[in-house]
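Novice: For reference, this is start-v5.json, and it has JSON, C-alpha atoms.
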```json
[["chain", "number", "residue", "atom", "x", "y", "z"],
["A", 1, "MET", "CA", -15.42, -11.03, -8.48],
["A", 2, "ALA", "CA", -12.50, -10.85, -10.90],
["A", 3, "ASP", "CA", -10.59, -13.43, -8.87],
["A", 4, "VAL", "CA", -13.55, -15.83, -8.90],
["A", 5, "ALA", "CA", -14.21, -15.25, -12.60],
["A", 6, "VAL", "CA", -10.62, -15.90, -13.69],
["A", 7, "VAL", "CA", -10.02, -19.06, -11.66],
["A", 8, "GLY", "CA", -13.50, -20.28, -12.55],
["A", 9, "ARG", "CA", -12.83, -19.89, -16.28],
["A", 10, "PHE", "CA", -9.16, -20.81, -16.57],
["A", 11, "SER", "CA", -8.51, -23.11, -13.57],
["A", 12, "SER", "CA", -10.35, -25.88, -11.72],
["A", 13, "ALA", "CA", -13.59, -26.03, -9.73],
["A", 14, "ALA", "CA", -11.50, -26.77, -6.65],
["A", 15, "ALA", "CA", -9.53, -23.55, -7.16],
["A", 16, "LEU", "CA", -12.77, -21.62, -7.63],
["A", 17, "GLY", "CA", -14.15, -23.11, -4.44],
["A", 18, "SER", "CA", -10.99, -22.32, -2.47],
["A", 19, "VAL", "CA", -10.99, -18.69, -3.59],
["A", 20, "GLY", "CA", -14.72, -18.27, -3.09],
["A", 21, "SER", "CA", -14.89, -20.01, 0.25],
["A", 22, "THR", "CA", -12.53, -17.42, 1.74],
["A", 23, "SER", "CA", -14.74, -14.52, 0.62],
["A", 24, "THR", "CA", -16.46, -14.40, 4.01],
["A", 25, "LEU", "CA", -13.13, -14.23, 5.84],
["A", 26, "VAL", "CA", -11.89, -11.57, 3.44],
["A", 27, "THR", "CA", -15.07, -9.58, 4.09],
["A", 28, "LEU", "CA", -14.55, -10.00, 7.83],
["A", 29, "PHE", "CA", -11.12, -8.39, 7.87],
["A", 30, "THR", "CA", -11.56, -5.88, 5.05],
["A", 31, "GLY", "CA", -14.91, -4.87, 6.55],
["A", 32, "PHE", "CA", -13.22, -4.13, 9.85],
["A", 33, "LEU", "CA", -10.61, -1.93, 8.12],
["A", 34, "ILE", "CA", -13.33, -0.14, 6.16],
["A", 35, "GLY", "CA", -15.23, 0.44, 9.39],
["A", 36, "LEU", "CA", -12.10, 1.86, 11.00],
["A", 37, "GLY", "CA", -11.80, 4.16, 7.98],
["A", 38, "ASN", "CA", -15.37, 5.32, 8.56],
["A", 39, "GLY", "CA", -14.35, 6.38, 12.05],
["A", 40, "VAL", "CA", -11.50, 8.39, 10.55],
["A", 41, "ASN", "CA", -13.91, 9.92, 8.04],
["A", 42, "VAL", "CA", -16.27, 11.15, 10.75],
["A", 43, "ARG", "CA", -13.50, 12.59, 12.92],
["A", 44, "VAL", "CA", -11.80, 14.45, 10.07],
["A", 45, "ALA", "CA", -15.17, 15.74, 8.82],
["A", 46, "GLN", "CA", -16.01, 17.11, 12.28],
["A", 47, "TYR", "CA", -12.73, 19.03, 12.44],
["A", 48, "LEU", "CA", -13.12, 20.34, 8.90],
["A", 49, "GLY", "CA", -16.65, 21.53, 9.65],
["A", 50, "ALA", "CA", -15.41, 23.31, 12.76],
["A", 51, "LYS", "CA", -12.41, 24.72, 10.79],
["A", 52, "ARG", "CA", -9.95, 23.38, 13.38],
["A", 53, "GLU", "CA", -6.89, 23.01, 11.15],
["A", 54, "GLU", "CA", -4.39, 21.89, 13.78],
["A", 55, "ASP", "CA", -6.75, 19.20, 15.05],
["A", 56, "THR", "CA", -7.39, 18.10, 11.45],
["A", 57, "ARG", "CA", -3.66, 17.78, 10.81],
["A", 58, "SER", "CA", -3.13, 15.78, 14.01],
["A", 59, "CYS", "CA", -6.10, 13.52, 13.19],
["A", 60, "VAL", "CA", -4.84, 12.82, 9.64],
["A", 61, "HIS", "CA", -1.38, 11.73, 10.74],
["A", 62, "THR", "CA", -2.56, 9.73, 13.76],
["A", 63, "SER", "CA", -5.18, 7.98, 11.63],
["A", 64, "LEU", "CA", -2.64, 6.90, 9.03],
["A", 65, "ILE", "CA", -0.45, 5.28, 11.67],
["A", 66, "LEU", "CA", -3.41, 3.56, 13.36],
["A", 67, "CYS", "CA", -4.86, 2.17, 10.12],
["A", 68, "THR", "CA", -1.44, 0.91, 8.98],
["A", 69, "LEU", "CA", -0.79, -0.75, 12.34],
["A", 70, "MET", "CA", -4.24, -2.36, 12.28],
["A", 71, "GLY", "CA", -3.53, -3.72, 8.81],
["A", 72, "LEU", "CA", -0.22, -5.14, 10.02],
["A", 73, "LEU", "CA", -1.91, -6.69, 13.05],
["A", 74, "ILE", "CA", -4.51, -8.40, 10.86],
["A", 75, "ALA", "CA", -1.81, -9.63, 8.47],
["A", 76, "MET", "CA", 0.17, -11.15, 11.36],
["A", 77, "LEU", "CA", -2.97, -12.77, 12.73],
["A", 78, "CYS", "CA", -3.75, -14.35, 9.36],
["A", 79, "LEU", "CA", -0.18, -15.59, 8.95],
["A", 80, "VAL", "CA", -0.18, -17.19, 12.40],
["A", 81, "LEU", "CA", -3.59, -18.81, 11.87],
["A", 82, "ALA", "CA", -2.73, -19.90, 8.31],
["A", 83, "ILE", "CA", -5.66, -17.93, 6.82],
["A", 84, "PHE", "CA", -5.13, -16.88, 3.15],
["A", 85, "ARG", "CA", -1.52, -16.04, 3.93],
["A", 86, "ILE", "CA", -0.70, -14.52, 0.55],
["A", 87, "TYR", "CA", -3.77, -12.29, 0.43],
["A", 88, "ALA", "CA", -3.16, -11.22, 4.03],
["A", 89, "LEU", "CA", 0.10, -9.55, 2.99],
["A", 90, "GLY", "CA", -1.99, -6.82, 1.38],
["A", 91, "MET", "CA", -3.85, -5.88, 4.57],
["A", 92, "PRO", "CA", -1.45, -3.03, 5.55],
["A", 93, "ALA", "CA", -1.95, -1.53, 2.08],
["A", 94, "LEU", "CA", -5.70, -1.87, 2.46],
["A", 95, "GLY", "CA", -5.52, -0.07, 5.78],
["A", 96, "ILE", "CA", -3.52, 2.78, 4.21],
["A", 97, "PHE", "CA", -5.87, 3.13, 1.25],
["A", 98, "ASN", "CA", -9.01, 3.12, 3.40],
["A", 99, "CYS", "CA", -7.49, 5.77, 5.65],
["A", 100, "GLY", "CA", -6.57, 7.96, 2.68],
["A", 101, "ASN", "CA", -9.97, 7.43, 1.15],
["A", 102, "ALA", "CA", -11.65, 8.42, 4.43],
["A", 103, "ILE", "CA", -9.59, 11.61, 4.70],
["A", 104, "LEU", "CA", -10.24, 12.69, 1.11],
["A", 105, "SER", "CA", -13.94, 11.82, 1.33],
["A", 106, "ALA", "CA", -14.28, 13.90, 4.50],
["A", 107, "ASN", "CA", -12.81, 16.79, 2.51],
["A", 108, "GLY", "CA", -15.31, 16.30, -0.32],
["A", 109, "ASP", "CA", -13.03, 14.44, -2.76],
["A", 110, "THR", "CA", -14.35, 10.99, -3.70],
["A", 111, "LYS", "CA", -13.24, 11.07, -7.36],
["A", 112, "ARG", "CA", -9.52, 10.75, -6.70],
["A", 113, "PRO", "CA", -9.77, 7.58, -4.55],
["A", 114, "LEU", "CA", -12.13, 6.13, -7.16],
["A", 115, "THR", "CA", -9.58, 6.81, -9.89],
["A", 116, "TYR", "CA", -6.83, 5.07, -7.93],
["A", 117, "LEU", "CA", -9.10, 2.13, -7.18],
["A", 118, "VAL", "CA", -10.04, 1.79, -10.86],
["A", 119, "ILE", "CA", -6.36, 1.72, -11.78],
["A", 120, "ALA", "CA", -5.70, -0.94, -9.14],
["A", 121, "GLY", "CA", -8.77, -2.90, -10.25],
["A", 122, "ILE", "CA", -7.67, -2.98, -13.90],
["A", 123, "LEU", "CA", -4.18, -4.00, -12.81],
["A", 124, "ASN", "CA", -5.68, -6.73, -10.64],
["A", 125, "VAL", "CA", -7.57, -8.23, -13.60],
["A", 126, "ILE", "CA", -4.49, -8.11, -15.84],
["A", 127, "LEU", "CA", -2.30, -9.74, -13.20],
["A", 128, "ASN", "CA", -5.01, -12.35, -12.53],
["A", 129, "LEU", "CA", -4.92, -13.38, -16.18],
["A", 130, "PHE", "CA", -1.13, -13.32, -16.28],
["A", 131, "PHE", "CA", -0.55, -15.41, -13.16],
["A", 132, "VAL", "CA", -3.31, -17.94, -13.90],
["A", 133, "ILE", "CA", -3.01, -18.35, -17.70],
["A", 134, "VAL", "CA", 0.66, -17.58, -18.37],
["A", 135, "CYS", "CA", 2.23, -18.76, -15.11],
["A", 136, "GLY", "CA", -0.18, -21.65, -14.53],
["A", 137, "MET", "CA", -0.98, -20.56, -10.99],
["A", 138, "ALA", "CA", -4.45, -20.92, -9.43],
["A", 139, "ALA", "CA", -5.68, -19.53, -6.10],
["A", 140, "GLU", "CA", -2.20, -18.29, -5.20],
["A", 141, "GLY", "CA", -2.02, -16.36, -8.48],
["A", 142, "VAL", "CA", -5.16, -14.29, -7.91],
["A", 143, "ALA", "CA", -4.14, -13.71, -4.29],
["A", 144, "LEU", "CA", -0.76, -12.34, -5.40],
["A", 145, "ALA", "CA", -2.48, -10.13, -8.00],
["A", 146, "SER", "CA", -4.73, -8.69, -5.31],
["A", 147, "VAL", "CA", -1.80, -7.93, -3.02],
["A", 148, "LEU", "CA", 0.19, -6.11, -5.72],
["A", 149, "SER", "CA", -2.78, -4.05, -6.86],
["A", 150, "GLN", "CA", -3.61, -3.08, -3.27],
["A", 151, "TYR", "CA", -0.12, -1.68, -2.75],
["A", 152, "VAL", "CA", -0.38, 0.28, -5.99],
["A", 153, "SER", "CA", -3.58, 1.97, -4.77],
["A", 154, "ALA", "CA", -1.97, 2.66, -1.37],
["A", 155, "VAL", "CA", 1.10, 4.29, -2.92],
["A", 156, "LEU", "CA", -1.02, 6.43, -5.27],
["A", 157, "ILE", "CA", -3.20, 7.77, -2.47],
["A", 158, "LEU", "CA", -0.16, 8.50, -0.25],
["A", 159, "ILE", "CA", 1.44, 10.50, -3.07],
["A", 160, "HIS", "CA", -1.75, 12.51, -3.52],
["A", 161, "LEU", "CA", -2.09, 13.20, 0.21],
["A", 162, "ALA", "CA", 1.49, 14.47, 0.26],
["A", 163, "ARG", "CA", 0.67, 16.92, -2.57],
["A", 164, "LEU", "CA", -2.34, 18.54, -0.90],
["A", 165, "ARG", "CA", -2.12, 22.19, 0.15],
["A", 166, "ASP", "CA", -4.62, 22.20, 3.01],
["A", 167, "SER", "CA", -4.83, 20.82, 6.54],
["A", 168, "CYS", "CA", -5.36, 17.27, 5.19],
["A", 169, "ARG", "CA", -1.88, 17.26, 3.68],
["A", 170, "LEU", "CA", 0.39, 14.38, 4.67],
["A", 171, "GLU", "CA", 3.74, 15.62, 5.98],
["A", 172, "TRP", "CA", 6.21, 13.05, 7.24],
["A", 173, "LYS", "CA", 7.52, 15.39, 9.95],
["A", 174, "TYR", "CA", 4.07, 15.38, 11.59],
["A", 175, "LEU", "CA", 3.70, 11.61, 11.43],
["A", 176, "ARG", "CA", 3.23, 10.67, 15.07],
["A", 177, "LEU", "CA", 0.56, 9.25, 17.35],
["A", 178, "SER", "CA", -1.40, 11.83, 19.31],
["A", 179, "SER", "CA", -2.61, 10.26, 22.56],
["A", 180, "GLY", "CA", -5.81, 12.27, 22.59],
["A", 181, "GLU", "CA", -6.66, 11.64, 18.93],
["A", 182, "THR", "CA", -5.83, 7.94, 19.18],
["A", 183, "GLY", "CA", -8.56, 7.38, 21.75],
["A", 184, "ARG", "CA", -11.10, 9.46, 19.82],
["A", 185, "ILE", "CA", -10.43, 7.73, 16.51],
["A", 186, "LEU", "CA", -10.48, 4.23, 17.98],
["A", 187, "GLY", "CA", -13.61, 5.15, 19.94],
["A", 188, "LEU", "CA", -15.39, 5.76, 16.63],
["A", 189, "GLY", "CA", -13.52, 3.31, 14.41],
["A", 190, "ILE", "CA", -13.52, 0.13, 16.52],
["A", 191, "PRO", "CA", -17.33, -0.04, 16.98],
["A", 192, "SER", "CA", -17.80, 0.82, 13.31],
["A", 193, "GLY", "CA", -15.33, -1.91, 12.31],
["A", 194, "ILE", "CA", -17.04, -4.49, 14.52],
["A", 195, "GLN", "CA", -20.40, -3.47, 13.06],
["A", 196, "ASN", "CA", -19.07, -4.12, 9.55],
["A", 197, "ALA", "CA", -17.66, -7.48, 10.63],
["A", 198, "ILE", "CA", -20.75, -8.82, 12.42],
["A", 199, "PHE", "CA", -22.45, -10.17, 9.30],
["A", 200, "ALA", "CA", -19.22, -11.79, 8.15],
["A", 201, "ILE", "CA", -18.86, -13.52, 11.52],
["A", 202, "ALA", "CA", -22.39, -14.91, 11.19],
["A", 203, "ASN", "CA", -21.70, -16.00, 7.62],
["A", 204, "LEU", "CA", -18.61, -17.91, 8.77],
["A", 205, "PHE", "CA", -20.90, -20.45, 10.44],
["A", 206, "ILE", "CA", -22.90, -20.76, 7.22],
["A", 207, "GLN", "CA", -19.68, -21.21, 5.23],
["A", 208, "VAL", "CA", -18.64, -24.10, 7.49],
["A", 209, "GLY", "CA", -21.86, -25.88, 6.55],
["A", 210, "VAL", "CA", -21.42, -25.09, 2.84],
["A", 211, "ASN", "CA", -17.85, -26.43, 2.91],
["A", 212, "SER", "CA", -19.18, -29.84, 3.94],
["A", 213, "PHE", "CA", -20.63, -30.27, 0.42],
["A", 214, "ASP", "CA", -18.70, -30.97, -2.80],
["A", 215, "SER", "CA", -16.71, -28.38, -4.76],
["A", 216, "THR", "CA", -19.61, -27.64, -7.14],
["A", 217, "ILE", "CA", -21.85, -26.47, -4.28],
["A", 218, "VAL", "CA", -19.01, -24.45, -2.78],
["A", 219, "SER", "CA", -18.30, -22.82, -6.16],
["A", 220, "GLY", "CA", -21.96, -21.89, -6.72],
["A", 221, "ASN", "CA", -22.23, -20.38, -3.27],
["A", 222, "SER", "CA", -19.00, -18.46, -3.89],
["A", 223, "ALA", "CA", -20.48, -16.75, -6.94],
["A", 224, "ALA", "CA", -23.62, -15.78, -5.02],
["A", 225, "VAL", "CA", -21.64, -14.40, -2.07],
["A", 226, "ASN", "CA", -19.64, -12.13, -4.36],
["A", 227, "VAL", "CA", -22.81, -10.65, -5.87],
["A", 228, "ASP", "CA", -24.20, -10.11, -2.37],
["A", 229, "ASN", "CA", -21.02, -8.26, -1.40],
["A", 230, "VAL", "CA", -21.32, -5.93, -4.39],
["A", 231, "ILE", "CA", -24.89, -4.95, -3.47],
["A", 232, "TYR", "CA", -23.95, -4.41, 0.15],
["A", 233, "ASN", "CA", -20.94, -2.22, -0.73],
["A", 234, "VAL", "CA", -23.01, -0.02, -3.06],
["A", 235, "MET", "CA", -25.52, 0.54, -0.26],
["A", 236, "ALA", "CA", -22.71, 1.18, 2.23],
["A", 237, "ALA", "CA", -21.33, 3.94, 0.00],
["A", 238, "PHE", "CA", -24.27, 6.12, 1.02],
["A", 239, "TYR", "CA", -23.52, 5.27, 4.65],
["A", 240, "THR", "CA", -20.03, 6.74, 4.18],
["A", 241, "ALA", "CA", -21.45, 9.81, 2.44],
["A", 242, "CYS", "CA", -23.95, 10.23, 5.26],
["A", 243, "SER", "CA", -21.14, 10.05, 7.83],
["A", 244, "THR", "CA", -19.25, 12.81, 6.02],
["A", 245, "PHE", "CA", -22.22, 15.18, 5.79],
["A", 246, "MET", "CA", -23.31, 14.59, 9.37],
["A", 247, "GLY", "CA", -19.75, 14.94, 10.66],
["A", 248, "GLN", "CA", -19.20, 18.28, 8.91],
["A", 249, "ASN", "CA", -22.59, 19.62, 9.98],
["A", 250, "TRP", "CA", -21.91, 18.53, 13.56],
["A", 251, "GLY", "CA", -18.54, 20.28, 13.52],
["A", 252, "ALA", "CA", -20.07, 23.43, 12.03],
["A", 253, "GLY", "CA", -22.85, 23.43, 14.62],
["A", 254, "LYS", "CA", -25.57, 23.02, 11.98],
["A", 255, "LYS", "CA", -27.40, 20.19, 13.70],
["A", 256, "ASP", "CA", -30.66, 20.97, 11.91],
["A", 257, "ARG", "CA", -29.11, 19.71, 8.68],
["A", 258, "MET", "CA", -28.00, 16.39, 10.20],
["A", 259, "LEU", "CA", -31.46, 14.78, 10.15],
["A", 260, "LYS", "CA", -31.94, 15.93, 6.55],
["A", 261, "SER", "CA", -28.60, 14.37, 5.54],
["A", 262, "TYR", "CA", -29.55, 11.14, 7.28],
["A", 263, "CYS", "CA", -32.98, 10.85, 5.63],
["A", 264, "ILE", "CA", -31.65, 11.58, 2.14],
["A", 265, "SER", "CA", -28.82, 9.05, 2.49],
["A", 266, "LEU", "CA", -31.21, 6.44, 3.86],
["A", 267, "GLY", "CA", -33.54, 6.95, 0.92],
["A", 268, "TYR", "CA", -30.75, 6.59, -1.63],
["A", 269, "SER", "CA", -29.41, 3.45, 0.06],
["A", 270, "PHE", "CA", -32.85, 1.86, 0.21],
["A", 271, "LEU", "CA", -33.62, 2.62, -3.45],
["A", 272, "ILE", "CA", -30.32, 1.36, -4.86],
["A", 273, "GLY", "CA", -30.58, -1.75, -2.68],
["A", 274, "ALA", "CA", -34.08, -2.44, -3.98],
["A", 275, "VAL", "CA", -33.04, -1.97, -7.63],
["A", 276, "LEU", "CA", -29.91, -4.14, -7.41],
["A", 277, "SER", "CA", -31.64, -6.85, -5.40],
["A", 278, "GLY", "CA", -34.43, -6.93, -7.98],
["A", 279, "LEU", "CA", -31.92, -7.31, -10.80]]
```
Can you give me the file's structure in the form of structure tokens?
Specialist:
Amino acid sequence: MADVAVVGRFSSAAALGSVGSTSTLVTLFTGFLIGLGNGVNVRVAQYLGAKREEDTRSCVHTSLILCTLMGLLIAMLCLVLAIFRIYALGMPALGIFNCGNAILSANGDTKRPLTYLVIAGILNVILNLFFVIVCGMAAEGVALASVLSQYVSAVLILIHLARLRDSCRLEWKYLRLSSGETGRILGLGIPSGIQNAIFAIANLFIQVGVNSFDSTIVSGNSAAVNVDNVIYNVMAAFYTACSTFMGQNWGAGKKDRMLKSYCISLGYSFLIGAVLSGL
């Protein structure tokens, strides 16, 4: 939203349309990485609930490698297909941050990732203004700002993971792919990632139709899409929380609490969706 707001205010309608028209593609790839992170979240939560420290440690290190590699793969795909090439450079960082966020959330810490994301978000806005107003850049300026801020959040969360004192601690000597964990994580993460990407794939066809109109129509649609994404992400936050609670209860063998966790999360998601949609 900050990218759209800055180029819309300080650049041209064409720049606003170009940034906004890629929102669906951005959601497609970032949604997949977030979904992969959800798979990591569930797996780590299961091990933590079962108090299986060695398995937790193996899962943490394998997950970090997988999420980084997936980010690199998406970045290479975007570069080859000439899809928002500058923004795509931040995909590995996004994969790292989502993995770290998933691990910390599974361990009950959602405040620390939020703090790092707030720092990155503020930096993103400042860099947006600098690149667009001071440097005279347009779409490429906000893309570069996003990339830099994403790497800041990734570095911050890696530093924190390395300072932990429990089984979720990141230790470079344990950084290797476990064949068994790789299959389990991808078995959860890939379907979750595809699920997150399905709506974006459908919206791509809509975006093709929207792009056939003039820049004013494209710009207006861009603003609406960003608001829609905000509402969806707020609702999805309870999905992540639900995954954590159900994963830990599953690991601890307390299956009677899983349905309760599901119903409460569903209620929260429905209510916040209704309120935000109404607004």
Novice: Tell me which protein, DNA and RNA residues are within 8 Å of A:Ser149, counting all atoms listed in the file, leaving out same-chain ones fewer than 5 positions away, and put them as a PDB file with C-alpha atoms, in the frame of the given file.
Specialist:
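Full text of part.pdb as output:
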```
ATOM      1  CA  ALA A 120      -5.700  -0.940  -9.140  1.00  0.00           C
ATOM      2  CA  GLY A 121      -8.770  -2.900 -10.250  1.00  0.00           C
ATOM      3  CA  LEU A 123      -4.180  -4.000 -12.810  1.00  0.00           C
ATOM      4  CA  ASN A 124      -5.680  -6.730 -10.640  1.00  0.00           C
TER       5      ASN A 124
END
```
Novice: Can you measure atom CA of A:Leu69 to atom CA of A:Phe238 for me? One decimal in Å is fine.
Specialist: 27.0 Å
Novice: Which neighbours of A:Ser261 fall inside 7 Å, counting only C-alpha atoms, when residues of the same chain fewer than 6 positions from it are skipped, and could you give them as a short mmCIF file (atom, residue, chain, number, x, y, z; two decimals) with C-alpha atoms, keeping the file's coordinate frame?
Specialist:
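Result file is selection-v1.cif:
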```cif
data_model
loop_
_atom_site.label_atom_id
_atom_site.label_comp_id
_atom_site.auth_asym_id
_atom_site.auth_seq_id
_atom_site.Cartn_x
_atom_site.Cartn_y
_atom_site.Cartn_z
CA CYS A 242 -23.95 10.23 5.26
CA PHE A 245 -22.22 15.18 5.79
CA MET A 246 -23.31 14.59 9.37
#
```
Novice: Please, which residues in stretch 75-131 of chain A fall within 8 Å of stretch 29-44 of chain A when counting all atoms listed in the file, and what is the closest atom pair and distance in Å to one decimal for each, ordered by chain then residue number, as JSON lines?
Specialist:
```
{"residue": "A:Met91", "atom": "CA", "partner": "A:Thr30", "partner_atom": "CA", "distance": 7.7}
{"residue": "A:Leu94", "atom": "CA", "partner": "A:Leu33", "partner_atom": "CA", "distance": 7.5}
{"residue": "A:Gly95", "atom": "CA", "partner": "A:Leu33", "partner_atom": "CA", "distance": 5.9}
{"residue": "A:Asn98", "atom": "CA", "partner": "A:Gly37", "partner_atom": "CA", "distance": 5.5}
{"residue": "A:Cys99", "atom": "CA", "partner": "A:Gly37", "partner_atom": "CA", "distance": 5.2}
{"residue": "A:Asn101", "atom": "CA", "partner": "A:Gly37", "partner_atom": "CA", "distance": 7.8}
{"residue": "A:Ala102", "atom": "CA", "partner": "A:Asn41", "partner_atom": "CA", "distance": 4.5}
{"residue": "A:Ile103", "atom": "CA", "partner": "A:Asn41", "partner_atom": "CA", "distance": 5.7}
{"residue": "A:Ser105", "atom": "CA", "partner": "A:Asn41", "partner_atom": "CA", "distance": 7.0}
{"residue": "A:Ala106", "atom": "CA", "partner": "A:Asn41", "partner_atom": "CA", "distance": 5.3}
{"residue": "A:Asn107", "atom": "CA", "partner": "A:Val44", "partner_atom": "CA", "distance": 8.0}
```
Novice: Taking 2 positions as the minimum chain separation for residues in the same chain, which residues sit within 12 Å of A:Tyr268 when counting only C-alpha atoms? Answer as a list in words.
Specialist: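 Answer for this query is Val234, Met235, Ala236, Ala237, Phe238, Tyr239, Ala241, Cys242, Ser261, Tyr262, Cys263, Ile264, Ser265, Leu266, Phe270, Leu271, Ile272, Gly273, Ala274 and Val275 of chain A.
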Novice: Excluding A:Ser58 and residues on its chain fewer than 3 positions from it, collect all residues at most 9 Å away from it, counting all atoms listed in the file, and give them as a VMD selection string.
Specialist: chain A and resid 53 to 55 61 to 63 174 to 178 181
Novice: Which is closer to A:Leu164 than all the others in A:Val80, A:Cys67, A:Ile86, A:Leu104, using all atoms listed in the file?
Specialist: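 Closest candidate: A:Leu104.
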Novice: Determine the nearest neighbour of A:Ser277 from the options A:Asn229, A:Thr56, A:Gln195, A:Ser243, counting all atoms listed in the file.
Specialist: A:Asn229
Novice: Go through A:Leu66, A:Gly253, A:Ala14, A:Ile96 one by one, measure the shortest atom-to-atom distance of each to A:Asn211 using all atoms listed in the file, and give the residue with the smallest value.
Specialist: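 Closest to A:Asn211 of all the choices is A:Ala14.
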Novice: Smallest atom-to-atom distance to A:Val125: which of A:Gly71, A:Ala145, A:Pro92, A:Ala82, using all atoms listed in the file?
Specialist: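 Between A:Gly71, A:Ala145, A:Pro92, A:Ala82, the residue approaching A:Val125 most closely is A:Ala145.
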Novice: For A:Ala45, find every residue with an atom within 6 Å (counting all atoms listed in the file), except residues of its own chain fewer than 6 positions away, and show them as a PyMOL selection string.
Specialist: chain A and resi 106+244+247-248
Novice: To one decimal place in Å, what is the distance between atom CA of A:Asp109 and atom CA of A:Ser167?
Specialist: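 Straight-line distance from atom CA of A:Asp109 to atom CA of A:Ser167 works out to 13.9 Å.
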Novice: Just give me the gap between atom CA of A:Gly220 and atom CA of A:Ile83 in Å, one decimal is fine.
Specialist: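 Value for the atom CA of A:Gly220-atom CA of A:Ile83 distance: 21.6 Å.
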